[in-house]
Amino acid sequence: AGRPADEEVSSDSETESPLLGRRRREAAAAEEEVEETPQEKKLRLAKQYLEELRQLEEERAEEEELEPADLIGDRLKEDVLEQKGRLQRLVAKDVQPPDPASIRVLRGHQLPITCLVISPDDRFIFSASKDGSLIKCKWEVETGKRLCVVPGGKKGTEERHMGHASNVLCMAISSDGKYLATGDRNKLIMIWDAATCKRLHIFTGHRDAVSGLSFRKGTHQLYSASHDRCVKVWNVAENAYVETLFGHQDVITGLDSLSRECCVTAGGRDGTVRLWKIAEESQLVFSGHQGSIDCIQLINEEHMVSGADDGSLALWGLTKKKPLALARQAHGVQDAQSLQQPYWISAVAALRNSDLLATGSHSASVKLWKCGEGFRKLEHLWDIPLVGFVNSLKFSAAGDFLVAGIGQEHRLGRWWRLKEAKNSICIIPLKQKTTASGPESPGSS
C-alpha cells in the first residue's frame, strides 16, 4: 500500500505459491483480528452496511420527498433478490426499435475500436483501439465531446509515453467510477485515475496478451484474464497482486464479474465457459458451444450469456453445466470462400438484472434479444443497422442507451477487413413504449 504511484507491480515477484501466500496473509490478518469473533465481524459489517445505506437513502429521500424507512426496506429487498439472481426488470417487451437516424457516431480512433466501458453514472464513455496514437479516449455522453486522449508509443517506451504501446484489448471501470483498468497485447495492465486520465500503476506478470478485465462490484478487487490461459487477482487500491488461478486449456478471450467473489471466463477453443470461485480456489466448467467462445457477460448473479465463432448465442444458469437456451446462427450465415459460414458473435451485452440482451457481429447489424421466462428461451427483437465489426457492446446502467465499438477488423485479429466500415463509437438511444419502468419479477432462477 505504501508503493509510489505508477510503480510496476508484478505477479512474478511472489516466489511462494499463490495458495501458500494467501494462507500466510489470512493467518496474519487473523492474528490482527484475534479479539473479534466471526459473529462479531459479521455483525459489525452488517451495521456498517446499514449505516451507509441509511445515509444514501436519506439523501435520496430529501431529494424526492419520500419516507427514508420505506426506501431502506425496498433497497434491502432489492439487494437480497440481486444476490440470489432473482431481481429481474422486465424491460425487453417495451423497447422500441431505434431510429437509425438517432444513432450518434463519435470519431477519433484511427484503427478499429477494441473495447469500451461506460462510467457508472452514465456520463462518460472510455474507449480504446488498435492504434498507437489515440490509445484511450474519454468522451462525454451528452455532448459527444472528446475530453481526454492518452497517446501511445513504441514497445518498451510505456514508462515515458504513459500510454500503451500495443493493441489495447480490454478495459474495466470500478463501480465507484474511481479506477479505470486497461489491458494490452504486450502483457501489461495499466491502472488509471478515471477522473483525470492520469496513470497510477502498471501491473505485470501475465505471459501473453491481456484479454479480459473486470472489477468486482463494490470493491477495488480486479480480475484479469490472458491468452496465457490464467486468471489473476489484484488489489488496485493497495497496488498489490493477490493470486493466480489456472484451468483453461486455450487462450481466455473474455471475463466478467459482479459482486460475489467470483468471475466467469470464456475459454476460446477449449470450448468451455468457467466460473471461478476465488475464495475456495475452485472452478465450475460449462460447455455447449461448438466453436471458439469469444465473449461473455453476466446478466445477474445466477445467469450469463456468451457468444462464439460458430454463430451461436448461449444463455446459462450457474447451476447447470449445459446452456438453458441456445440460438444457433444468431446473426445468420455468410459466403466465405464459397462456403456457407455463420457470422461470428464478436460481442455480447446484458442490461444487468433484466431480460434484455444485445449481440454484435460483422453482419451489418446489432441485434436485441429478450430472455424468456426462467432464462430458458431467446427471442429476437430488433436489428439495428451498423456496418463493421462490432467489437464491444455496453448498455448504460439506466438502460436508456447502448454503446457499440465498431472497427474495420475483428478486435483479436485481421481475418477480414471491411473497407466500408468506419472505426467509431456509436451511441444508440433505447426508448420504452411506456414511461413507467418494467415490473420486477422475483421468480426467474
# chains A, B, ... in the order shown; residues from 1 in each chain; ligands from 1

$ residues_around --residues "region 368-376 of chain A" --least-positions-apart "2" --cutoff "8 Å" --atoms "only C-alpha atoms" --output "list in words"
Ala92, Lys93, His303, Leu315, Trp316, Gly317, Leu324, Ala325, Asp355, Leu356, Leu357, Ala358, Thr359, Val366, Leu378, Glu379, His380, Leu381, Trp382, Asp383, Ile384, Gly443, Ser444 and Ser445 of chain A

$ residues_around --residues "Ala397 (chain A)" --least-positions-apart "3" --cutoff "10 Å" --atoms "only C-alpha atoms" --output "PyMOL selection string"
chain A and resi 118-122+351-352+394+400-402

$ write_last_selection --atoms "N, CA and C atoms" --output "CSV table (one decimal), in the first residue's frame"
chain,number,residue,atom,x,y,z
A,118,ILE,N,-18.6,2.3,-20.0
A,118,ILE,CA,-19.4,3.5,-19.6
A,118,ILE,C,-19.2,3.7,-18.1
A,119,SER,N,-19.0,4.9,-17.7
A,119,SER,CA,-18.9,5.3,-16.3
A,119,SER,C,-20.2,4.9,-15.6
A,120,PRO,N,-20.1,4.6,-14.3
A,120,PRO,CA,-21.3,4.1,-13.5
A,120,PRO,C,-22.4,5.1,-13.5
A,121,ASP,N,-22.1,6.4,-13.7
A,121,ASP,CA,-23.2,7.4,-13.7
A,121,ASP,C,-23.7,7.7,-15.1
A,122,ASP,N,-23.2,6.9,-16.1
A,122,ASP,CA,-23.7,7.0,-17.5
A,122,ASP,C,-23.3,8.4,-18.1
A,351,LEU,N,-28.2,-6.0,-20.2
A,351,LEU,CA,-28.7,-4.9,-19.2
A,351,LEU,C,-28.8,-5.6,-17.9
A,352,ARG,N,-28.0,-5.3,-16.9
A,352,ARG,CA,-27.9,-6.0,-15.6
A,352,ARG,C,-29.3,-6.2,-15.0
A,394,LYS,N,-22.0,-2.2,-24.8
A,394,LYS,CA,-22.3,-2.0,-23.4
A,394,LYS,C,-23.6,-1.2,-23.3
A,400,ASP,N,-31.1,3.3,-21.0
A,400,ASP,CA,-31.6,4.2,-22.0
A,400,ASP,C,-30.8,4.4,-23.2
A,401,PHE,N,-29.6,3.8,-23.2
A,401,PHE,CA,-28.8,3.8,-24.5
A,401,PHE,C,-27.8,2.6,-24.5
A,402,LEU,N,-27.4,2.2,-25.7
A,402,LEU,CA,-26.5,1.1,-25.9
A,402,LEU,C,-25.3,1.7,-26.7

$ closest_residue --among "A:Gly108, A:Gly254, A:Gln283, A:Ser365" --to "Gln297 (chain A)" --atoms "only C-alpha atoms"
A:Gly254

$ residues_around --residues "Arg185 (chain A)" --least-positions-apart "3" --cutoff "8 Å" --atoms "only C-alpha atoms" --output "list of chain:residue names"
A:Ser166, A:Asn167, A:Val168, A:Leu169, A:Leu188, A:Asp208, A:Ala209, A:Val210, A:Ser211

$ write_last_selection --atoms "all heavy atoms" --output "mmCIF file, in the first residue's frame"
data_model
loop_
_atom_site.group_PDB
_atom_site.id
_atom_site.type_symbol
_atom_site.label_atom_id
_atom_site.label_comp_id
_atom_site.auth_asym_id
_atom_site.auth_seq_id
_atom_site.Cartn_x
_atom_site.Cartn_y
_atom_site.Cartn_z
ATOM 1 N N SER A 166 0.920 -1.080 -27.623
ATOM 2 C CA SER A 166 0.394 -2.145 -28.482
ATOM 3 C C SER A 166 -1.133 -2.128 -28.383
ATOM 4 O O SER A 166 -1.701 -1.346 -27.622
ATOM 5 C CB SER A 166 0.945 -3.510 -28.056
ATOM 6 O OG SER A 166 0.554 -3.801 -26.727
ATOM 7 N N ASN A 167 -1.796 -3.018 -29.147
ATOM 8 C CA ASN A 167 -3.264 -3.051 -29.159
ATOM 9 C C ASN A 167 -3.827 -3.179 -27.754
ATOM 10 O O ASN A 167 -3.439 -4.072 -27.001
ATOM 11 C CB ASN A 167 -3.772 -4.261 -29.955
ATOM 12 C CG ASN A 167 -3.321 -4.249 -31.402
ATOM 13 O OD1 ASN A 167 -2.648 -3.326 -31.838
ATOM 14 N ND2 ASN A 167 -3.705 -5.263 -32.143
ATOM 15 N N VAL A 168 -4.750 -2.302 -27.382
ATOM 16 C CA VAL A 168 -5.488 -2.450 -26.126
ATOM 17 C C VAL A 168 -6.657 -3.389 -26.410
ATOM 18 O O VAL A 168 -7.420 -3.166 -27.341
ATOM 19 C CB VAL A 168 -6.005 -1.096 -25.606
ATOM 20 C CG1 VAL A 168 -6.760 -1.279 -24.299
ATOM 21 C CG2 VAL A 168 -4.847 -0.127 -25.423
ATOM 22 N N LEU A 169 -6.783 -4.467 -25.646
ATOM 23 C CA LEU A 169 -7.797 -5.490 -25.925
ATOM 24 C C LEU A 169 -8.981 -5.455 -24.968
ATOM 25 O O LEU A 169 -10.039 -5.996 -25.265
ATOM 26 C CB LEU A 169 -7.158 -6.885 -25.875
ATOM 27 C CG LEU A 169 -6.069 -7.172 -26.909
ATOM 28 C CD1 LEU A 169 -5.562 -8.600 -26.747
ATOM 29 C CD2 LEU A 169 -6.570 -6.942 -28.321
ATOM 30 N N LEU A 188 0.622 -6.136 -20.554
ATOM 31 C CA LEU A 188 0.563 -5.144 -19.479
ATOM 32 C C LEU A 188 -0.868 -4.778 -19.091
ATOM 33 O O LEU A 188 -1.758 -4.738 -19.940
ATOM 34 C CB LEU A 188 1.289 -3.856 -19.885
ATOM 35 C CG LEU A 188 2.776 -3.959 -20.207
ATOM 36 C CD1 LEU A 188 3.314 -2.593 -20.614
ATOM 37 C CD2 LEU A 188 3.557 -4.506 -19.019
ATOM 38 N N ASP A 208 1.241 -13.464 -21.679
ATOM 39 C CA ASP A 208 0.717 -13.258 -23.031
ATOM 40 C C ASP A 208 -0.301 -12.117 -22.969
ATOM 41 O O ASP A 208 -0.501 -11.518 -21.909
ATOM 42 C CB ASP A 208 0.075 -14.548 -23.562
ATOM 43 C CG ASP A 208 0.109 -14.638 -25.094
ATOM 44 O OD1 ASP A 208 0.159 -13.567 -25.741
ATOM 45 O OD2 ASP A 208 0.071 -15.767 -25.629
ATOM 46 N N ALA A 209 -0.931 -11.838 -24.090
ATOM 47 C CA ALA A 209 -1.873 -10.717 -24.188
ATOM 48 C C ALA A 209 -2.937 -10.752 -23.087
ATOM 49 O O ALA A 209 -3.474 -11.806 -22.766
ATOM 50 C CB ALA A 209 -2.548 -10.746 -25.555
ATOM 51 N N VAL A 210 -3.231 -9.583 -22.518
ATOM 52 C CA VAL A 210 -4.294 -9.463 -21.509
ATOM 53 C C VAL A 210 -5.604 -9.236 -22.266
ATOM 54 O O VAL A 210 -5.757 -8.243 -22.972
ATOM 55 C CB VAL A 210 -4.019 -8.292 -20.546
ATOM 56 C CG1 VAL A 210 -5.121 -8.189 -19.504
ATOM 57 C CG2 VAL A 210 -2.661 -8.479 -19.864
ATOM 58 N N SER A 211 -6.540 -10.174 -22.123
ATOM 59 C CA SER A 211 -7.739 -10.177 -22.975
ATOM 60 C C SER A 211 -9.044 -9.932 -22.222
ATOM 61 O O SER A 211 -10.092 -9.788 -22.850
ATOM 62 C CB SER A 211 -7.835 -11.518 -23.710
ATOM 63 O OG SER A 211 -7.749 -12.589 -22.776
#

$ closest_residue --among "A:Gly291, A:Gly360, A:Gly399, A:Pro323" --to "Leu386 (chain A)" --atoms "only C-alpha atoms"
A:Gly360

$ closest_residue --among "A:His248, A:Leu116, A:Lys217, A:Val273" --to "Phe395 (chain A)" --atoms "only C-alpha atoms"
A:Leu116

$ residues_around --residues "Val105 (chain A)" --least-positions-apart "5" --cutoff "12 Å" --atoms "only C-alpha atoms" --output "VMD selection string"
chain A and resid 100 139 141 143 to 145 386 403 to 406 422 to 429

$ write_last_selection --atoms "all heavy atoms" --output "CSV table (one decimal), in the first residue's frame"
chain,number,residue,atom,x,y,z
A,100,PRO,N,-32.6,4.6,-37.0
A,100,PRO,CA,-31.1,4.7,-37.4
A,100,PRO,C,-30.6,6.1,-37.4
A,100,PRO,O,-29.4,6.4,-37.2
A,100,PRO,CB,-31.1,4.0,-38.8
A,100,PRO,CG,-32.3,3.1,-38.8
A,100,PRO,CD,-33.4,3.8,-37.9
A,139,TRP,N,-15.0,10.3,-23.5
A,139,TRP,CA,-16.0,11.0,-24.2
A,139,TRP,C,-17.1,11.4,-23.2
A,139,TRP,O,-17.4,10.6,-22.3
A,139,TRP,CB,-16.6,10.2,-25.3
A,139,TRP,CG,-15.6,9.5,-26.2
A,139,TRP,CD1,-15.0,8.3,-26.0
A,139,TRP,CD2,-15.2,10.0,-27.5
A,139,TRP,NE1,-14.2,8.0,-27.1
A,139,TRP,CE2,-14.3,9.0,-28.0
A,139,TRP,CE3,-15.5,11.1,-28.3
A,139,TRP,CZ2,-13.7,9.1,-29.2
A,139,TRP,CZ3,-14.9,11.2,-29.5
A,139,TRP,CH2,-14.0,10.2,-30.0
A,141,VAL,N,-21.0,11.8,-22.8
A,141,VAL,CA,-22.1,11.2,-23.5
A,141,VAL,C,-23.1,12.2,-24.0
A,141,VAL,O,-23.5,12.2,-25.2
A,141,VAL,CB,-22.9,10.2,-22.5
A,141,VAL,CG1,-24.2,9.8,-23.2
A,141,VAL,CG2,-22.0,9.0,-22.2
A,143,THR,N,-22.7,15.5,-24.8
A,143,THR,CA,-22.3,16.3,-25.9
A,143,THR,C,-21.5,15.6,-27.0
A,143,THR,O,-21.3,16.1,-28.1
A,143,THR,CB,-21.4,17.5,-25.4
A,143,THR,OG1,-20.2,16.9,-24.8
A,143,THR,CG2,-22.1,18.3,-24.3
A,144,GLY,N,-21.0,14.4,-26.7
A,144,GLY,CA,-20.1,13.7,-27.7
A,144,GLY,C,-18.7,14.3,-27.7
A,144,GLY,O,-17.9,13.9,-28.6
A,145,LYS,N,-18.4,15.2,-26.8
A,145,LYS,CA,-17.1,15.9,-26.8
A,145,LYS,C,-16.0,14.9,-26.3
A,145,LYS,O,-16.2,14.2,-25.3
A,145,LYS,CB,-17.2,17.1,-25.9
A,145,LYS,CG,-15.9,17.9,-25.9
A,145,LYS,CD,-16.1,19.1,-24.9
A,145,LYS,CE,-14.8,20.0,-24.8
A,145,LYS,NZ,-15.0,21.1,-23.8
A,386,LEU,N,-25.7,-1.4,-38.4
A,386,LEU,CA,-24.4,-0.9,-38.1
A,386,LEU,C,-23.4,-1.7,-39.0
A,386,LEU,O,-23.3,-2.9,-38.8
A,386,LEU,CB,-24.0,-1.0,-36.6
A,386,LEU,CG,-24.6,0.0,-35.6
A,386,LEU,CD1,-24.1,-0.3,-34.2
A,386,LEU,CD2,-24.3,1.4,-36.0
A,403,VAL,N,-24.1,1.4,-26.3
A,403,VAL,CA,-22.9,1.9,-27.0
A,403,VAL,C,-22.2,0.7,-27.7
A,403,VAL,O,-22.0,-0.4,-27.1
A,403,VAL,CB,-21.9,2.6,-26.0
A,403,VAL,CG1,-20.7,3.1,-26.7
A,403,VAL,CG2,-22.6,3.7,-25.3
A,404,ALA,N,-21.8,0.9,-29.0
A,404,ALA,CA,-21.1,-0.1,-29.7
A,404,ALA,C,-19.8,0.5,-30.2
A,404,ALA,O,-19.7,1.6,-30.7
A,404,ALA,CB,-22.0,-0.5,-30.9
A,405,GLY,N,-18.8,-0.4,-30.1
A,405,GLY,CA,-17.4,0.0,-30.6
A,405,GLY,C,-17.3,-0.8,-31.9
A,405,GLY,O,-17.3,-2.0,-32.0
A,406,ILE,N,-17.1,0.0,-33.0
A,406,ILE,CA,-17.1,-0.5,-34.4
A,406,ILE,C,-15.7,-0.4,-35.0
A,406,ILE,O,-15.0,0.5,-34.8
A,406,ILE,CB,-18.0,0.3,-35.3
A,406,ILE,CG1,-19.4,0.4,-34.7
A,406,ILE,CG2,-18.1,-0.3,-36.7
A,406,ILE,CD1,-20.2,-0.9,-34.6
A,422,LYS,N,-16.5,2.3,-40.7
A,422,LYS,CA,-15.8,3.4,-40.0
A,422,LYS,C,-15.4,3.0,-38.6
A,422,LYS,O,-16.3,2.5,-37.9
A,422,LYS,CB,-16.7,4.7,-40.0
A,422,LYS,CG,-17.3,5.1,-41.3
A,422,LYS,CD,-16.2,5.6,-42.3
A,422,LYS,CE,-16.8,6.1,-43.6
A,422,LYS,NZ,-15.8,6.5,-44.5
A,423,ASN,N,-14.2,3.2,-38.3
A,423,ASN,CA,-13.7,3.0,-36.9
A,423,ASN,C,-14.3,4.0,-36.0
A,423,ASN,O,-13.9,5.2,-36.0
A,423,ASN,CB,-12.2,3.0,-36.8
A,423,ASN,CG,-11.6,1.9,-37.7
A,423,ASN,OD1,-12.0,0.8,-37.7
A,423,ASN,ND2,-10.5,2.3,-38.4
A,424,SER,N,-15.3,3.7,-35.2
A,424,SER,CA,-16.1,4.7,-34.5
A,424,SER,C,-16.8,4.1,-33.3
A,424,SER,O,-16.9,2.9,-33.1
A,424,SER,CB,-17.1,5.3,-35.4
A,424,SER,OG,-18.0,4.3,-36.0
A,425,ILE,N,-17.4,5.0,-32.5
A,425,ILE,CA,-18.2,4.6,-31.3
A,425,ILE,C,-19.6,5.1,-31.6
A,425,ILE,O,-19.8,6.3,-32.0
A,425,ILE,CB,-17.7,5.3,-30.0
A,425,ILE,CG1,-16.3,4.7,-29.7
A,425,ILE,CG2,-18.6,5.1,-28.9
A,425,ILE,CD1,-15.4,5.8,-29.1
A,426,CYS,N,-20.6,4.2,-31.5
A,426,CYS,CA,-22.0,4.5,-31.8
A,426,CYS,C,-22.8,4.5,-30.6
A,426,CYS,O,-22.8,3.5,-29.9
A,426,CYS,CB,-22.5,3.6,-32.9
A,426,CYS,SG,-21.7,3.6,-34.5
A,427,ILE,N,-23.5,5.6,-30.3
A,427,ILE,CA,-24.4,5.7,-29.2
A,427,ILE,C,-25.9,5.5,-29.7
A,427,ILE,O,-26.4,6.3,-30.5
A,427,ILE,CB,-24.3,7.0,-28.4
A,427,ILE,CG1,-22.9,7.2,-28.0
A,427,ILE,CG2,-25.3,7.1,-27.2
A,427,ILE,CD1,-22.6,8.6,-27.3
A,428,ILE,N,-26.5,4.4,-29.3
A,428,ILE,CA,-27.8,4.0,-29.8
A,428,ILE,C,-28.9,4.3,-28.7
A,428,ILE,O,-28.9,3.6,-27.7
A,428,ILE,CB,-27.8,2.5,-30.2
A,428,ILE,CG1,-26.7,2.2,-31.2
A,428,ILE,CG2,-29.2,2.1,-30.7
A,428,ILE,CD1,-26.3,0.7,-31.2
A,429,PRO,N,-29.7,5.3,-28.9
A,429,PRO,CA,-30.8,5.5,-27.8
A,429,PRO,C,-31.8,4.4,-27.8
A,429,PRO,O,-32.2,3.9,-28.9
A,429,PRO,CB,-31.4,6.9,-28.3
A,429,PRO,CG,-31.1,7.0,-29.8
A,429,PRO,CD,-29.8,6.2,-30.0

$ select_by_dssp --residues "region 150-355 of chain A" --states "helix (DSSP H, G or I)" --output "NGL selection string"
:A and (158-161)

$ atom_distance --atom1 "CA of Ser129 (chain A)" --atom2 "CA of Thr114 (chain A)"
4.8 Å

$ closest_residue --among "A:Ile345, A:Val285, A:Leu180, A:Cys197" --to "Leu313 (chain A)" --atoms "only C-alpha atoms"
A:Ile345
